[in-house]
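K.L.:
Before I ask anything, here is the structure I am working with.
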Amino acid sequence: MTAVLRTWLAVCCWALTAGFSVLGPAEPVAAVLGANVVLPCSVLIPLPVPGLEIQWTKTDTDTVRTVHLFSEGESWPESQDRRYRGRAELFPEEIRSGNYSLRLRNVTVQDAGKYRCAVHTQHESNNTAVELKGVERLIVTGASHPVIAHAGGEVVLNCSVDIHVPVEQLEVEWRKTESSILVHLFSEGDSWPESQH
């Protein structure tokens with residue numbers, strides 16, 4: 001017997017006897033109000049899709065709410081709680097590789113809380129908990145007093161953002177308010193001078 005075949009048999013036998021573990025994040029997941037967020041959930045060894053059921057629920061409410069259900073090889077949007085219809089989905093192309101993460105679109109304040117990713121096969125079930133911590137509001141501040149500028153001179157207009165997300169995820173537009181002319185665009189972690197008027 002070759003070493004590759006022995007290794008494959010050992011992994012298969014381990015999977016059959018030891019079951020499977022569902023993995024989630026070690027820390028709570030942060031989200032920004034109105035943005036999209038991914039709640040991680042996966043298994044190390046992909047499970048066969050026939051007989052696989054993946055159920056995402058929100059567990060910290062009076063009644064457990066179904067966020068998303070995948071069963072019999074497809075998603076069942078009619079089973080979702082109305083708060084999540086059209087906003088919660090898996091990554092269908094990644095299910096075969098063991099990624100059962102949930103994408104939640106247009107995050108609301110009510111989305112914060114505890115979720116469970118439960119994975120069921122014909123022989124076993126397992127789950128992991130994921131916490132979506134307080135959904136943050138974007139706080140933007142500028143100068144507290146009018147800024148005076150002289151024709152031909154330079155001026156600095158202050159703007160600060162109080163939020164805990166990577167700078168690559170921010171988009172900042174400076175516009176002249178009377179005419180809505182784009183003065184400056186910062187997007188994808190960089191300034192875009194070609195977009196300026």
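Residues in the structure tokens are named by chain (A, B, ... in the order shown) and by number from 1 within that chain; ligands are numbered from 1 in the order shown.
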Which parts of region 44-87 of chain A does DSSP call helix (DSSP H, G or I) when run on the backbone here, written out as a ChimeraX atom specification?

P.N.:
/A:77-79,82-84

K.L.:
Do a neighbour search on region 102-108 of chain A at 10 Å with only C-alpha atoms, toss out local chain neighbours closer than 2 positions, and write the hits as a ChimeraX atom specification.

P.N.:
/A:31-41,56,67-68,83-84,86-91,99-100,110-112,117,134-137

K.L.:
Can you spit out the residues from that selection as a compact mmCIF listing (two decimals), in the first residue's frame, using N, CA, C and O atoms?

P.N.:
```txt
# COMPACT_ATOMS: atom_id res chain seq x y z
N ALA A 31 -19.32 44.73 12.86
CA ALA A 31 -20.00 45.13 11.62
C ALA A 31 -20.28 46.62 11.66
O ALA A 31 -20.33 47.24 12.72
N VAL A 32 -20.47 47.17 10.47
CA VAL A 32 -20.80 48.58 10.32
C VAL A 32 -22.25 48.68 9.85
O VAL A 32 -22.67 47.95 8.96
N LEU A 33 -22.98 49.58 10.44
CA LEU A 33 -24.38 49.78 10.09
C LEU A 33 -24.52 50.01 8.59
O LEU A 33 -23.84 50.84 8.00
N GLY A 34 -25.38 49.22 7.94
CA GLY A 34 -25.65 49.38 6.51
C GLY A 34 -24.69 48.64 5.60
O GLY A 34 -24.93 48.54 4.40
N ALA A 35 -23.62 48.09 6.14
CA ALA A 35 -22.62 47.36 5.33
C ALA A 35 -22.97 45.87 5.31
O ALA A 35 -23.95 45.44 5.90
N ASN A 36 -22.14 45.09 4.64
CA ASN A 36 -22.27 43.64 4.64
C ASN A 36 -21.26 43.06 5.62
O ASN A 36 -20.20 43.64 5.84
N VAL A 37 -21.57 41.90 6.18
CA VAL A 37 -20.66 41.23 7.11
C VAL A 37 -20.71 39.73 6.84
O VAL A 37 -21.73 39.21 6.40
N VAL A 38 -19.59 39.05 7.09
CA VAL A 38 -19.52 37.59 6.95
C VAL A 38 -19.35 36.98 8.34
O VAL A 38 -18.44 37.35 9.08
N LEU A 39 -20.25 36.05 8.67
CA LEU A 39 -20.15 35.29 9.91
C LEU A 39 -19.51 33.95 9.56
O LEU A 39 -20.12 33.13 8.87
N PRO A 40 -18.26 33.72 10.00
CA PRO A 40 -17.53 32.51 9.59
C PRO A 40 -18.06 31.22 10.19
O PRO A 40 -18.45 31.18 11.35
N CYS A 41 -18.06 30.17 9.38
CA CYS A 41 -18.44 28.82 9.81
C CYS A 41 -17.88 27.85 8.78
O CYS A 41 -18.09 28.03 7.58
N TRP A 56 -28.47 28.29 9.99
CA TRP A 56 -28.04 29.45 10.75
C TRP A 56 -29.25 29.99 11.50
O TRP A 56 -30.32 30.20 10.92
N VAL A 67 -32.21 32.18 10.30
CA VAL A 67 -31.58 33.20 9.47
C VAL A 67 -31.38 32.64 8.06
O VAL A 67 -31.63 33.33 7.07
N HIS A 68 -30.94 31.37 7.96
CA HIS A 68 -30.76 30.73 6.66
C HIS A 68 -30.77 29.21 6.83
O HIS A 68 -30.24 28.70 7.80
N ARG A 83 -37.11 39.06 8.81
CA ARG A 83 -36.07 40.08 8.99
C ARG A 83 -34.81 39.80 8.16
O ARG A 83 -34.00 40.68 7.94
N TYR A 84 -34.66 38.53 7.73
CA TYR A 84 -33.44 38.14 7.02
C TYR A 84 -33.68 37.82 5.54
O TYR A 84 -32.72 37.59 4.81
N GLY A 86 -33.82 37.98 1.79
CA GLY A 86 -33.12 38.83 0.83
C GLY A 86 -31.83 39.44 1.36
O GLY A 86 -31.14 40.16 0.65
N ARG A 87 -31.49 39.15 2.63
CA ARG A 87 -30.26 39.73 3.21
C ARG A 87 -29.25 38.68 3.65
O ARG A 87 -28.07 38.99 3.80
N ALA A 88 -29.68 37.44 3.90
CA ALA A 88 -28.78 36.40 4.43
C ALA A 88 -28.60 35.30 3.39
O ALA A 88 -29.58 34.80 2.84
N GLU A 89 -27.33 34.95 3.14
CA GLU A 89 -27.05 33.89 2.16
C GLU A 89 -25.72 33.22 2.46
O GLU A 89 -24.85 33.80 3.10
N LEU A 90 -25.60 31.98 2.00
CA LEU A 90 -24.33 31.26 2.08
C LEU A 90 -23.54 31.57 0.82
O LEU A 90 -24.00 32.31 -0.05
N PHE A 91 -22.36 31.00 0.72
CA PHE A 91 -21.55 31.09 -0.49
C PHE A 91 -21.69 29.75 -1.20
O PHE A 91 -20.92 28.82 -0.93
N ASN A 99 -16.96 25.41 3.43
CA ASN A 99 -17.20 26.77 3.92
C ASN A 99 -18.71 27.00 4.00
O ASN A 99 -19.39 27.03 2.99
N TYR A 100 -19.21 27.17 5.23
CA TYR A 100 -20.64 27.37 5.45
C TYR A 100 -20.92 28.76 6.02
O TYR A 100 -21.93 28.99 6.68
N GLN A 110 -30.44 45.80 14.95
CA GLN A 110 -31.09 44.61 15.50
C GLN A 110 -30.35 43.32 15.16
O GLN A 110 -30.59 42.28 15.77
N ASP A 111 -29.44 43.35 14.19
CA ASP A 111 -28.69 42.16 13.81
C ASP A 111 -27.63 41.77 14.84
O ASP A 111 -27.17 40.64 14.86
N ALA A 112 -27.22 42.71 15.69
CA ALA A 112 -26.22 42.39 16.71
C ALA A 112 -26.75 41.29 17.62
O ALA A 112 -27.95 41.23 17.91
N CYS A 117 -24.35 28.35 13.94
CA CYS A 117 -24.22 27.64 12.67
C CYS A 117 -24.25 26.15 13.02
O CYS A 117 -23.30 25.63 13.60
N GLY A 134 -21.90 44.67 18.84
CA GLY A 134 -22.60 45.91 18.59
C GLY A 134 -22.33 46.52 17.22
O GLY A 134 -21.19 46.82 16.90
N VAL A 135 -23.36 46.67 16.47
CA VAL A 135 -23.25 47.27 15.14
C VAL A 135 -22.92 48.73 15.31
O VAL A 135 -23.61 49.45 16.03
N GLU A 136 -21.85 49.15 14.69
CA GLU A 136 -21.36 50.52 14.87
C GLU A 136 -21.98 51.49 13.89
O GLU A 136 -22.19 51.18 12.74
N ARG A 137 -22.22 52.66 14.40
CA ARG A 137 -22.66 53.75 13.54
C ARG A 137 -21.41 54.53 13.13
O ARG A 137 -20.47 54.65 13.90
```

K.L.:
Give me, as a ChimeraX atom specification, all polymer residues having an atom no more than 7 Å from Ser160 (chain A), counting only C-alpha atoms and skipping those fewer than 2 positions away in the same chain.

P.N.:
/A:140-142,158,162

K.L.:
Restricting it to N, CA and C atoms, dump the selection as a short mmCIF file (atom, residue, chain, number, x, y, z; two decimals), in the first residue's frame.

P.N.:
```
data_model
loop_
_atom_site.label_atom_id
_atom_site.label_comp_id
_atom_site.auth_asym_id
_atom_site.auth_seq_id
_atom_site.Cartn_x
_atom_site.Cartn_y
_atom_site.Cartn_z
N VAL A 140 -18.90 60.96 11.87
CA VAL A 140 -18.02 61.85 11.12
C VAL A 140 -18.10 63.23 11.77
N THR A 141 -16.94 63.82 12.04
CA THR A 141 -16.92 65.16 12.63
C THR A 141 -16.02 66.06 11.79
N GLY A 142 -16.35 67.33 11.81
CA GLY A 142 -15.58 68.34 11.10
C GLY A 142 -15.25 69.48 12.04
N ASN A 158 -10.96 70.12 8.03
CA ASN A 158 -10.80 68.94 8.87
C ASN A 158 -12.02 68.02 8.78
N ASP A 162 -14.82 58.29 13.25
CA ASP A 162 -14.64 57.46 14.43
C ASP A 162 -15.31 56.11 14.17
#
```

K.L.:
Between A:Val29, A:Ile95, A:Val156, A:Val22, which has the minimum distance to Pro48 (chain A) (counting only C-alpha atoms)?

P.N.:
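Using only C-alpha atoms, the shortest distance to Pro48 (chain A) belongs to A:Ile95.
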
K.L.:
Excluding Thr59 (chain A) and residues on its chain fewer than 4 positions from it, collect all residues at most 8 Å away from it, counting only C-alpha atoms, and give them as a ChimeraX atom specification.

P.N.:
/A:63-65,113-116

K.L.:
Write out, as a JSON list (two decimals), in the first residue's frame, the residues just selected, with N, CA and C atoms.

P.N.:
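As a result, result38.json now contains:
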```json
[["chain", "number", "residue", "atom", "x", "y", "z"],
["A", 63, "THR", "N", -37.52, 33.88, 20.91],
["A", 63, "THR", "CA", -37.70, 32.71, 20.06],
["A", 63, "THR", "C", -36.52, 32.62, 19.11],
["A", 64, "VAL", "N", -36.06, 31.41, 18.86],
["A", 64, "VAL", "CA", -34.95, 31.22, 17.94],
["A", 64, "VAL", "C", -35.44, 31.54, 16.53],
["A", 65, "ARG", "N", -34.69, 32.40, 15.83],
["A", 65, "ARG", "CA", -35.07, 32.82, 14.49],
["A", 65, "ARG", "C", -34.20, 32.13, 13.46],
["A", 113, "GLY", "N", -25.87, 40.38, 18.02],
["A", 113, "GLY", "CA", -26.28, 39.31, 18.93],
["A", 113, "GLY", "C", -25.59, 38.00, 18.64],
["A", 114, "LYS", "N", -26.17, 36.92, 19.15],
["A", 114, "LYS", "CA", -25.56, 35.59, 19.06],
["A", 114, "LYS", "C", -26.25, 34.75, 18.00],
["A", 115, "TYR", "N", -25.42, 34.08, 17.19],
["A", 115, "TYR", "CA", -25.88, 33.23, 16.11],
["A", 115, "TYR", "C", -25.30, 31.83, 16.29],
["A", 116, "ARG", "N", -25.99, 30.84, 15.73],
["A", 116, "ARG", "CA", -25.49, 29.47, 15.74],
["A", 116, "ARG", "C", -25.48, 28.94, 14.32]]
```

K.L.:
When distances are computed from only C-alpha atoms, which of A:Leu132, A:Ala143, A:Ile148, A:Val119 shows the smallest separation from Pro25 (chain A)?

P.N.:
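Distance minimum relative to Pro25 (chain A) lands on A:Leu132.
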
K.L.:
List the neighbours of Ser97 (chain A) out to 10 Å using only C-alpha atoms; skip same-chain residues closer than 6 positions along the sequence, and give me the result as a list in words.

P.N.:
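Result of the neighbour search: Ser42, Val43, Leu44, Ile45, Pro46, Leu47, Pro48 and Val49 of chain A.
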
K.L.:
Atoms to include: N, CA, C and O atoms. Write the selected residues as a PDB file, in the first residue's frame.

P.N.:
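That gives us part19.pdb:
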```pdb
ATOM      1  N   SER A  42     -17.131  26.832   9.241  1.00  0.00           N
ATOM      2  CA  SER A  42     -16.530  25.888   8.297  1.00  0.00           C
ATOM      3  C   SER A  42     -16.211  24.569   8.989  1.00  0.00           C
ATOM      4  O   SER A  42     -16.286  24.461  10.214  1.00  0.00           O
ATOM      5  N   VAL A  43     -15.859  23.573   8.176  1.00  0.00           N
ATOM      6  CA  VAL A  43     -15.352  22.291   8.668  1.00  0.00           C
ATOM      7  C   VAL A  43     -14.008  22.048   8.000  1.00  0.00           C
ATOM      8  O   VAL A  43     -13.758  22.533   6.895  1.00  0.00           O
ATOM      9  N   LEU A  44     -13.121  21.318   8.688  1.00  0.00           N
ATOM     10  CA  LEU A  44     -11.792  21.053   8.123  1.00  0.00           C
ATOM     11  C   LEU A  44     -11.856  20.105   6.940  1.00  0.00           C
ATOM     12  O   LEU A  44     -11.205  20.310   5.924  1.00  0.00           O
ATOM     13  N   ILE A  45     -12.646  19.043   7.087  1.00  0.00           N
ATOM     14  CA  ILE A  45     -12.784  18.061   6.013  1.00  0.00           C
ATOM     15  C   ILE A  45     -14.170  18.237   5.415  1.00  0.00           C
ATOM     16  O   ILE A  45     -15.174  18.084   6.116  1.00  0.00           O
ATOM     17  N   PRO A  46     -14.260  18.616   4.135  1.00  0.00           N
ATOM     18  CA  PRO A  46     -15.569  18.848   3.523  1.00  0.00           C
ATOM     19  C   PRO A  46     -16.489  17.638   3.671  1.00  0.00           C
ATOM     20  O   PRO A  46     -16.059  16.492   3.577  1.00  0.00           O
ATOM     21  N   LEU A  47     -17.752  17.918   3.916  1.00  0.00           N
ATOM     22  CA  LEU A  47     -18.761  16.877   4.075  1.00  0.00           C
ATOM     23  C   LEU A  47     -19.513  16.693   2.763  1.00  0.00           C
ATOM     24  O   LEU A  47     -19.685  17.649   2.008  1.00  0.00           O
ATOM     25  N   PRO A  48     -19.980  15.477   2.469  1.00  0.00           N
ATOM     26  CA  PRO A  48     -20.731  15.273   1.226  1.00  0.00           C
ATOM     27  C   PRO A  48     -22.037  16.065   1.257  1.00  0.00           C
ATOM     28  O   PRO A  48     -22.727  16.102   2.280  1.00  0.00           O
ATOM     29  N   VAL A  49     -22.357  16.723   0.136  1.00  0.00           N
ATOM     30  CA  VAL A  49     -23.557  17.558   0.062  1.00  0.00           C
ATOM     31  C   VAL A  49     -24.847  16.742   0.207  1.00  0.00           C
ATOM     32  O   VAL A  49     -25.768  17.180   0.901  1.00  0.00           O
TER      33      VAL A  49
END
```

K.L.:
What's the separation between CA of Lys58 (chain A) and CA of Arg96 (chain A), in Å to one decimal place?

P.N.:
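According to the coordinates, CA of Lys58 (chain A) and CA of Arg96 (chain A) are separated by 24.1 Å.
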
K.L.:
One number please: CA of Gly98 (chain A) to CA of Arg82 (chain A), in Å, one decimal.

P.N.:
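Value for the CA of Gly98 (chain A)-CA of Arg82 (chain A) distance: 27.0 Å.
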